[in-house]
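Asks: As input, take my_file-v4.cif (mmCIF, C-alpha atoms and all ligand atoms):
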```
data_final
#
loop_
_atom_site.label_atom_id
_atom_site.label_comp_id
_atom_site.auth_asym_id
_atom_site.auth_seq_id
_atom_site.Cartn_x
_atom_site.Cartn_y
_atom_site.Cartn_z
CA MET A 113 -72.03 140.26 39.09
CA SER A 114 -75.72 141.00 39.71
CA ASP A 115 -77.06 141.56 43.21
CA LYS A 116 -79.11 138.82 44.87
CA PRO A 117 -82.85 139.54 44.86
CA GLY A 118 -83.97 141.11 48.12
CA THR A 119 -80.58 142.61 48.97
CA THR A 120 -80.30 146.28 49.78
CA VAL A 121 -77.54 148.88 49.54
CA GLU A 122 -76.89 151.72 51.94
CA PHE A 123 -75.82 155.15 50.85
CA THR A 124 -76.03 158.78 51.95
CA LEU A 125 -78.46 161.14 50.26
CA ASN A 126 -78.29 164.81 51.20
CA ASN A 127 -76.61 163.93 54.53
CA GLU A 128 -79.13 161.20 55.47
CA ARG A 129 -78.40 157.49 55.51
CA ARG A 130 -80.70 155.56 53.19
CA SER A 131 -81.24 151.95 52.26
CA VAL A 132 -82.66 150.97 48.87
CA PRO A 133 -83.13 147.70 46.97
CA ALA A 134 -79.95 146.72 45.14
CA GLY A 135 -80.10 147.75 41.50
CA SER A 136 -82.09 150.92 42.21
CA THR A 137 -81.14 153.95 40.20
CA LEU A 138 -80.34 157.20 41.97
CA LEU A 139 -83.60 158.57 40.56
CA GLU A 140 -85.61 155.70 42.08
CA ALA A 141 -83.80 156.18 45.38
CA CYS A 142 -84.49 159.92 45.37
CA ARG A 143 -88.14 159.38 44.54
CA ALA A 144 -88.45 156.84 47.37
CA ALA A 145 -86.98 159.43 49.73
CA GLY A 146 -89.24 162.21 48.47
CA VAL A 147 -86.28 164.12 47.04
CA PRO A 148 -87.24 165.83 43.76
CA VAL A 149 -84.99 165.29 40.74
CA PRO A 150 -85.91 166.89 37.40
CA THR A 151 -86.10 164.69 34.32
CA LEU A 152 -86.71 165.45 30.66
CA CYS A 153 -85.49 162.63 28.44
CA PHE A 154 -86.31 159.92 30.98
CA LEU A 155 -89.76 158.36 30.88
CA ASP A 156 -90.95 155.67 33.28
CA GLY A 157 -91.10 152.33 31.52
CA MET A 158 -88.40 153.18 28.98
CA THR A 159 -84.67 152.55 29.14
CA PRO A 160 -82.83 155.79 30.09
CA ALA A 161 -81.39 157.53 27.05
CA ASN A 162 -79.02 159.75 29.05
CA ALA A 163 -79.57 162.57 26.61
CA CYS A 164 -80.60 165.69 28.49
CA ARG A 165 -78.48 165.68 31.71
CA ILE A 166 -81.04 167.71 33.64
CA CYS A 167 -81.19 164.92 36.25
CA VAL A 168 -77.53 165.15 37.26
CA VAL A 169 -76.54 164.83 40.91
CA GLU A 170 -73.19 165.07 42.67
CA VAL A 171 -71.50 161.88 43.82
CA GLU A 172 -68.70 162.54 46.30
CA GLY A 173 -65.29 161.70 44.82
CA ALA A 174 -66.56 161.49 41.25
CA ARG A 175 -65.07 163.85 38.68
CA ALA A 176 -68.25 164.22 36.67
CA LEU A 177 -71.85 164.71 37.79
CA ALA A 178 -73.93 161.54 37.53
CA PRO A 179 -77.21 161.20 35.63
CA ALA A 180 -79.65 160.05 38.30
CA CYS A 181 -82.00 158.39 35.81
CA SER A 182 -79.48 155.75 34.83
CA ARG A 183 -76.75 155.59 37.46
CA GLN A 184 -77.29 152.82 40.00
CA VAL A 185 -76.85 153.37 43.71
CA GLU A 186 -73.65 151.83 45.05
CA ALA A 187 -72.96 150.93 48.67
CA GLY A 188 -71.35 153.83 50.52
CA MET A 189 -72.14 156.45 47.86
CA VAL A 190 -72.47 159.99 49.16
CA VAL A 191 -74.92 161.86 46.95
CA ARG A 192 -76.03 165.48 46.88
CA THR A 193 -78.91 166.64 44.73
CA GLU A 194 -78.82 170.37 45.46
CA SER A 195 -75.14 171.36 45.45
CA GLU A 196 -73.81 174.44 43.64
CA ARG A 197 -72.36 172.28 40.85
CA VAL A 198 -75.70 170.57 40.35
CA ALA A 199 -77.56 173.88 40.30
CA LEU A 200 -75.12 175.33 37.74
CA ALA A 201 -75.34 172.24 35.52
CA ARG A 202 -79.14 172.28 35.53
CA ARG A 203 -79.22 176.01 34.80
CA LEU A 204 -76.83 175.57 31.86
CA VAL A 205 -78.82 172.64 30.45
CA MET A 206 -81.96 174.76 30.48
CA GLU A 207 -80.15 177.81 29.07
CA PHE A 208 -78.80 175.76 26.16
CA LEU A 209 -82.21 174.22 25.50
CA ALA A 210 -84.26 177.39 25.91
CA SER A 211 -81.87 179.36 23.69
CA SER A 212 -82.11 176.87 20.84
CA VAL A 213 -85.57 175.30 21.10
CA ASP A 214 -89.11 176.64 21.19
CA LEU A 215 -90.42 175.47 24.58
CA THR A 216 -93.86 177.06 24.35
CA CYS A 217 -95.54 173.64 24.09
CA ALA A 218 -93.27 172.07 26.73
CA PRO A 219 -94.63 173.26 30.06
CA GLU A 220 -92.42 170.95 32.10
CA ALA A 221 -89.22 172.12 30.43
CA ALA A 222 -90.31 175.75 30.59
CA ALA A 223 -90.99 175.32 34.32
CA TYR A 224 -87.50 173.88 34.84
CA ALA A 225 -86.03 176.87 32.98
CA ARG A 226 -87.76 179.19 35.45
CA GLN A 227 -86.96 177.02 38.47
CA PHE A 228 -83.24 176.89 37.70
CA GLY A 229 -82.99 180.57 36.83
CA ALA A 230 -82.03 179.97 33.20
CA ASP A 231 -81.21 183.07 31.16
CA PRO A 232 -81.31 181.84 27.54
CA GLU A 233 -80.61 185.36 26.24
CA ARG A 234 -76.97 184.81 27.20
CA TYR A 235 -76.67 182.52 24.16
CA ALA A 236 -78.94 184.30 21.68
CA ARG A 237 -77.33 185.75 18.54
CA SER A 238 -78.14 189.46 18.66
CA GLY A 239 -81.86 188.95 18.81
CA ALA A 240 -82.00 186.45 15.93
CA PRO A 241 -83.73 183.17 16.65
CA PRO A 242 -81.25 180.31 16.98
CA GLU A 243 -80.89 178.11 13.93
CA THR A 244 -82.74 175.18 15.40
CA VAL A 245 -85.83 177.34 15.93
CA ALA A 246 -85.88 178.78 12.44
CA GLN A 247 -87.30 175.91 10.47
CA PRO A 248 -90.74 175.30 9.00
CA VAL A 249 -93.18 172.77 10.41
CA LYS A 250 -93.16 169.54 8.40
CA VAL A 251 -96.75 168.81 7.35
CA ASP A 252 -96.68 165.88 4.95
CA ASN A 253 -99.70 163.82 5.99
CA ASP A 254 -103.14 164.21 7.60
CA LEU A 255 -102.30 162.51 10.89
CA TYR A 256 -99.34 164.19 12.56
CA VAL A 257 -96.87 166.99 12.05
CA ARG A 258 -93.21 167.43 12.99
CA ASP A 259 -92.15 170.80 14.32
CA LEU A 260 -88.49 170.24 14.94
CA SER A 261 -88.03 173.76 16.23
CA ARG A 262 -89.57 172.32 19.41
CA CYS A 263 -87.33 169.25 19.58
CA ILE A 264 -84.96 168.88 22.54
CA LEU A 265 -83.41 165.70 21.07
CA CYS A 266 -84.45 163.62 24.01
CA TYR A 267 -84.47 160.42 21.89
CA ARG A 268 -87.79 159.27 23.34
CA CYS A 269 -89.45 159.09 19.90
CA VAL A 270 -86.51 157.25 18.38
CA ASP A 271 -86.59 154.67 21.16
CA ALA A 272 -90.40 154.33 21.07
CA CYS A 273 -90.25 153.79 17.31
CA GLY A 274 -87.46 151.28 17.90
CA GLU A 275 -86.84 148.65 20.51
CA GLU A 276 -88.81 150.20 23.35
CA ALA A 277 -92.19 149.77 21.69
CA GLN A 278 -92.83 149.75 17.99
CA ASN A 279 -89.76 148.02 16.50
CA THR A 280 -90.28 149.90 13.25
CA PHE A 281 -87.10 152.00 13.34
CA ALA A 282 -88.55 154.62 11.00
CA ILE A 283 -86.74 157.54 12.63
CA ALA A 284 -83.31 158.31 14.01
CA VAL A 285 -81.14 161.30 14.82
CA ALA A 286 -79.39 162.67 11.73
CA GLY A 287 -76.75 165.38 11.57
CA ARG A 288 -74.57 166.82 14.31
CA GLY A 289 -74.53 169.87 16.52
CA PHE A 290 -77.17 172.45 15.60
CA ASP A 291 -77.94 170.38 12.50
CA ALA A 292 -78.87 167.32 14.59
CA ARG A 293 -82.51 166.47 14.07
CA ILE A 294 -84.99 163.63 14.14
CA ALA A 295 -85.27 162.32 10.59
CA THR A 296 -86.58 159.47 8.51
CA GLU A 297 -84.24 157.49 6.32
CA PHE A 298 -82.89 159.77 3.55
CA ASP A 299 -85.21 162.46 4.97
CA HIS A 300 -88.17 161.01 3.07
CA SER A 301 -91.61 162.37 3.91
CA LEU A 302 -93.40 160.26 6.53
CA PRO A 303 -95.74 158.60 3.99
CA ASP A 304 -92.71 157.58 1.91
CA SER A 305 -90.78 156.33 4.92
CA ALA A 306 -91.02 153.16 6.99
CA CYS A 307 -93.41 154.94 9.37
CA VAL A 308 -96.57 152.95 10.11
CA PHE A 309 -98.32 155.91 11.79
CA CYS A 310 -98.75 154.28 15.17
CA GLY A 311 -98.16 157.66 16.76
CA ASN A 312 -96.14 156.14 19.60
CA CYS A 313 -93.52 158.80 18.98
CA ILE A 314 -96.13 161.49 19.58
CA GLY A 315 -97.22 159.74 22.75
CA VAL A 316 -93.79 160.08 24.32
CA CYS A 317 -92.72 163.47 22.94
CA PRO A 318 -92.43 165.93 25.87
CA THR A 319 -92.31 169.14 23.84
CA GLY A 320 -94.99 169.11 21.16
CA ALA A 321 -92.38 168.63 18.45
CA LEU A 322 -94.48 165.70 17.29
CA MET A 323 -98.13 166.60 17.37
CA PHE A 324 -101.49 165.39 16.09
CA LYS A 325 -102.42 167.40 13.00
CA SER A 326 -105.77 168.07 14.66
CA GLU A 327 -103.97 169.71 17.61
CA HIS A 328 -101.58 171.57 15.32
CA ASP A 329 -104.49 173.01 13.28
CA LEU A 330 -106.39 174.13 16.38
CA ARG A 331 -103.28 175.73 17.85
CA ARG A 332 -102.67 177.59 14.61
CA GLU A 333 -106.25 178.86 14.67
CA GLY A 334 -105.79 179.87 18.30
CA THR A 335 -108.64 177.63 19.45
CA TRP A 336 -106.72 174.81 21.18
CA ASP A 337 -107.87 174.97 24.81
CA GLU A 338 -106.95 172.15 27.17
CA ALA A 339 -108.95 173.75 29.97
CA ARG A 340 -112.12 173.10 27.98
CA GLN A 341 -111.23 169.55 27.02
CA THR A 342 -112.69 166.44 28.62
CA HIS A 343 -111.01 163.04 28.79
CA THR A 344 -113.05 159.91 28.11
CA GLU A 345 -111.56 156.51 28.90
CA THR A 346 -112.63 153.74 26.56
CA ILE A 347 -111.40 150.55 24.90
CA CYS A 348 -110.31 150.38 21.27
CA PRO A 349 -112.98 148.44 19.36
CA TYR A 350 -110.86 147.39 16.40
CA CYS A 351 -109.40 144.09 17.64
CA GLY A 352 -109.27 141.71 20.57
CA VAL A 353 -106.19 143.20 22.22
CA GLY A 354 -108.38 145.69 24.04
CA CYS A 355 -106.08 148.71 24.18
CA ALA A 356 -107.08 151.47 26.59
CA LEU A 357 -107.81 154.78 24.89
CA THR A 358 -108.15 158.25 26.35
CA LEU A 359 -110.19 160.45 24.03
CA HIS A 360 -109.35 164.15 24.35
CA VAL A 361 -112.54 165.96 23.41
CA GLN A 362 -113.05 169.66 22.77
CA GLU A 363 -116.43 171.06 21.75
CA ASN A 364 -117.81 167.57 21.27
CA ARG A 365 -115.05 166.62 18.83
CA ILE A 366 -112.18 164.23 19.43
CA VAL A 367 -109.00 166.26 19.06
CA LYS A 368 -106.45 163.60 19.92
CA VAL A 369 -106.09 160.14 21.46
CA SER A 370 -103.61 158.92 24.03
CA SER A 371 -103.30 155.81 26.17
CA PRO A 372 -102.39 155.67 29.87
CA ARG A 373 -98.72 154.86 30.33
CA ASP A 374 -99.47 152.77 33.40
CA HIS A 375 -101.98 150.57 31.58
CA SER A 376 -100.99 146.88 31.64
CA VAL A 377 -102.07 146.28 28.03
CA THR A 378 -100.66 149.28 26.19
CA GLN A 379 -98.06 150.94 28.45
CA GLY A 380 -99.16 154.03 26.57
CA HIS A 381 -98.52 152.63 23.09
CA LEU A 382 -101.11 152.08 20.35
CA CYS A 383 -101.34 151.20 16.67
CA ILE A 384 -102.63 153.42 13.89
CA LYS A 385 -106.23 152.26 14.37
CA GLY A 386 -106.50 153.17 18.03
CA ARG A 387 -104.40 156.33 17.69
CA PHE A 388 -105.94 157.82 14.56
CA GLY A 389 -108.94 155.72 13.54
CA TRP A 390 -111.58 157.94 15.11
CA GLN A 391 -112.44 160.45 12.39
CA PHE A 392 -115.46 158.38 11.32
CA VAL A 393 -117.06 159.12 14.68
CA GLN A 394 -117.41 162.80 13.87
CA ASP A 395 -116.93 162.98 10.09
CA PRO A 396 -118.94 160.03 8.73
CA PRO A 397 -118.59 159.46 4.99
CA LYS A 398 -121.35 161.02 2.90
CA PRO A 399 -123.78 158.50 1.35
CA SER A 400 -122.30 159.09 -2.11
CA GLU A 401 -118.71 158.26 -0.98
S1 LIG B 1 -95.68 157.06 13.98
FE1 LIG B 1 -94.88 155.08 14.77
S2 LIG B 1 -93.74 154.20 13.05
FE2 LIG B 1 -94.05 156.39 12.56
S3 LIG B 1 -92.18 157.42 13.28
FE3 LIG B 1 -93.71 157.49 14.96
S4 LIG B 1 -93.27 155.67 16.23
FE4 LIG B 1 -92.26 155.36 14.24
S1 LIG B 2 -89.29 164.92 18.56
FE1 LIG B 2 -89.98 164.98 20.71
S2 LIG B 2 -89.60 162.88 21.48
FE2 LIG B 2 -88.42 163.11 19.59
S3 LIG B 2 -86.38 163.74 20.28
FE3 LIG B 2 -87.54 165.61 19.78
S4 LIG B 2 -88.45 166.25 21.74
FE4 LIG B 2 -87.80 164.13 21.99
S1 LIG B 3 -83.45 162.63 32.59
FE1 LIG B 3 -81.53 161.75 33.02
S2 LIG B 3 -80.29 162.30 31.35
FE2 LIG B 3 -82.27 163.10 30.83
#
```
Would you give me this structure, written as structure tokens?
Ligand code: SF4
Ligand code: SF4
Ligand code: FES
Replies:
Amino acid sequence: MSDKPGTTVEFTLNNERRSVPAGSTLLEACRAAGVPVPTLCFLDGMTPANACRICVVEVEGARALAPACSRQVEAGMVVRTESERVALARRLVMEFLASSVDLTCAPEAAAYARQFGADPERYARSGAPPETVAQPVKVDNDLYVRDLSRCILCYRCVDACGEEAQNTFAIAVAGRGFDARIATEFDHSLPDSACVFCGNCIGVCPTGALMFKSEHDLRREGTWDEARQTHTETICPYCGVGCALTLHVQENRIVKVSSPRDHSVTQGHLCIKGRFGWQFVQDPPKPSE
């Protein structure tokens, strides 16, 4: 039975009585109380995927830790966000991730690894890189690349490609265990898959596993420099929808395009024209073409 609108529930958070609107998640309640809770797979505006478990908190009387991003507050709950069990769980999550995934383009995850005292070396195989790291970057088109050695399997891209935004369903998780990976159907290259190159998967990827080819090329050259980049807000000129664009510009060249997640028109999502249709601005066709 759903709660009546306007009703509240009372619970205890870190020894303090709190009241929150019925239906609030533990994460929403913690945020309202100013209590930090780490998140990786969760993204505001998307349905929680419950994939990473970094957000777990302790609920008194419960056998298992609860994912704060999806678990709703219940009347009388007693919740702790900083207990020993919680600290151990968060440390282990980051040790497993950092020992199997390249987090160098995932500043938030890398910061959590430091914050929770993760020691990924405990799981390394005698100095060899873990299997999930040792795989080549997939470069099969001019628009974006897939570097699955950076993938934490957060499911954000799968959901953005699916029901949360694009409804194209071009990608899913294939394989199990260390072999689990984001893949197209039958592992086809992106141009041969159902992908429509909206780039909404890139927009939600927290680790750089999905990356504009322009960014990938500059990083490989060693010239990618966010400190020198400017952000220009504009409106996509291609159609009447009026999507908000943020142009990331380095040395007077657009290097990638995003859209604000809190924008009422796009919620951060674009189509191929807004996301990638900017090359003509800086590389106009030659008269003979
Ligand atoms: S670019 Fe768009 S259609 Fe292609 S995989 Fe990403 S979200 Fe799906
Ligand atoms: S590619 Fe990025 S968005 Fe997709 S599951 Fe991996 S880390 Fe998450
Ligand atoms: S942020 Fe809650 S499970 Fe990932």
Asks: Using 7 Å as the limit and counting only C-alpha atoms and all ligand atoms, can you tabulate each residue of chain A that touches ligand LIG 3 (chain B), with its shortest atom-to-atom distance in Å and the two atoms involved, as a Markdown table?
Replies:
```
| residue | atom | partner | partner_atom | distance |
| --- | --- | --- | --- | --- |
| A:Pro150 | CA | B:LIG3 | S1 | 6.9 |
| A:Thr151 | CA | B:LIG3 | S1 | 3.8 |
| A:Leu152 | CA | B:LIG3 | S1 | 4.7 |
| A:Cys153 | CA | B:LIG3 | FE2 | 4.0 |
| A:Phe154 | CA | B:LIG3 | S1 | 4.3 |
| A:Pro160 | CA | B:LIG3 | FE1 | 6.8 |
| A:Ala161 | CA | B:LIG3 | S2 | 6.5 |
| A:Asn162 | CA | B:LIG3 | S2 | 3.7 |
| A:Ala163 | CA | B:LIG3 | S2 | 4.8 |
| A:Cys164 | CA | B:LIG3 | FE2 | 3.9 |
| A:Arg165 | CA | B:LIG3 | S2 | 3.9 |
| A:Ile166 | CA | B:LIG3 | FE2 | 5.5 |
| A:Cys167 | CA | B:LIG3 | FE1 | 4.5 |
| A:Val168 | CA | B:LIG3 | FE1 | 6.7 |
| A:Pro179 | CA | B:LIG3 | FE1 | 5.1 |
| A:Ala180 | CA | B:LIG3 | FE1 | 5.9 |
| A:Cys181 | CA | B:LIG3 | FE1 | 4.4 |
| A:Ser182 | CA | B:LIG3 | FE1 | 6.6 |
```
Asks: Of the candidates A:Val369, A:Cys142, A:Cys317, A:Leu359, which one gets nearest to Glu194 in chain A if we count only C-alpha atoms?
Replies: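 The closest residue to Glu194 in chain A is A:Cys142.
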Asks: Counting only C-alpha atoms, which of A:Val171, A:Leu200, A:Leu260, A:Ile384 gets nearest to Ala321 in chain A?
Replies: A:Leu260
Asks: Please return as a PyMOL selection string the residues found within 10 Å of ligand LIG 2 (chain B), counting only C-alpha atoms and all ligand atoms.
Replies: chain A and resi 152-153+163-164+213+215+218+258-273+283-285+293-295+312-323
Asks: Give the padded box for ligand LIG 1 (chain B) as lines of an AutoDock Vina configuration file: axis-aligned, covering all atoms listed in the file, 3 Å on each side, centre and edge lengths in Å to one decimal.
Replies:
```
center_x = -93.9
center_y = 155.8
center_z = 14.4
size_x = 9.5
size_y = 9.3
size_z = 9.7
```
Asks: Given the choices A:Ser211, A:Thr346, A:Ser305, A:Thr119, which gets closest to ligand LIG 1 (chain B) if the distance is worked out from all atoms listed in the file?
Replies: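 Nearest to ligand LIG 1 (chain B): A:Ser305.
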Asks: In Å, rounded to a single decimal, give me how far CA of Thr358 in chain A is from CA of Trp390 in chain A.
Replies: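 Taking CA of Trp390 in chain A as the start and CA of Thr358 in chain A as the end point, the length is 11.8 Å.
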Asks: Place a sphere of radius 10 Å on (-104.7, 167.7, 14.2) in the file coordinates and name every protein, DNA or RNA residue with an atom inside or on its surface, counting all atoms listed in the file; give the answer as a PDB file with C-alpha atoms, keeping the file's coordinate frame.
Replies:
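Output file part.pdb follows:
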```pdb
ATOM      1  CA  ASP A 254    -103.140 164.210   7.600  1.00  0.00           C
ATOM      2  CA  LEU A 255    -102.300 162.510  10.890  1.00  0.00           C
ATOM      3  CA  TYR A 256     -99.340 164.190  12.560  1.00  0.00           C
ATOM      4  CA  VAL A 257     -96.870 166.990  12.050  1.00  0.00           C
ATOM      5  CA  MET A 323     -98.130 166.600  17.370  1.00  0.00           C
ATOM      6  CA  PHE A 324    -101.490 165.390  16.090  1.00  0.00           C
ATOM      7  CA  LYS A 325    -102.420 167.400  13.000  1.00  0.00           C
ATOM      8  CA  SER A 326    -105.770 168.070  14.660  1.00  0.00           C
ATOM      9  CA  GLU A 327    -103.970 169.710  17.610  1.00  0.00           C
ATOM     10  CA  HIS A 328    -101.580 171.570  15.320  1.00  0.00           C
ATOM     11  CA  ASP A 329    -104.490 173.010  13.280  1.00  0.00           C
ATOM     12  CA  LEU A 330    -106.390 174.130  16.380  1.00  0.00           C
ATOM     13  CA  ARG A 331    -103.280 175.730  17.850  1.00  0.00           C
ATOM     14  CA  ILE A 366    -112.180 164.230  19.430  1.00  0.00           C
ATOM     15  CA  VAL A 367    -109.000 166.260  19.060  1.00  0.00           C
ATOM     16  CA  LYS A 368    -106.450 163.600  19.920  1.00  0.00           C
ATOM     17  CA  PHE A 388    -105.940 157.820  14.560  1.00  0.00           C
TER      18      PHE A 388
END
```
Asks: Counting only C-alpha atoms and all ligand atoms, figure out which residue out of A:Ala282, A:Ala174, A:Ala223, A:Ala210 gets nearest to ligand LIG 1 (chain B).
Replies: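 Residue with the minimum atom-to-atom distance to ligand LIG 1 (chain B): A:Ala282.
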Asks: May I ask which of the residues A:Phe309, A:Phe290, A:Phe208, A:Tyr224 is the closest one to ligand LIG 1 (chain B), counting all atoms listed in the file?
Replies: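 Result for the nearest residue to ligand LIG 1 (chain B): A:Phe309.
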Asks: In Å, rounded to a single decimal, give me how far CA of Asp291 in chain A is from CA of Asp214 in chain A.
Replies: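 Going from CA of Asp214 in chain A over to CA of Asp291 in chain A, I get 15.5 Å.
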Asks: Find the residues near Asn127 in chain A: any atom within 9 Å, counting only C-alpha atoms, skip ones fewer than 5 places away on the same chain, and give them as number ranges by chain.
Replies: A: 190-192
Asks: The selected residues should be written to file as a PDB file, in the coordinates of the input (atoms: C-alpha atoms).
Replies:
```pdb
ATOM      1  CA  VAL A 190     -72.470 159.990  49.160  1.00  0.00           C
ATOM      2  CA  VAL A 191     -74.920 161.860  46.950  1.00  0.00           C
ATOM      3  CA  ARG A 192     -76.030 165.480  46.880  1.00  0.00           C
TER       4      ARG A 192
END
```
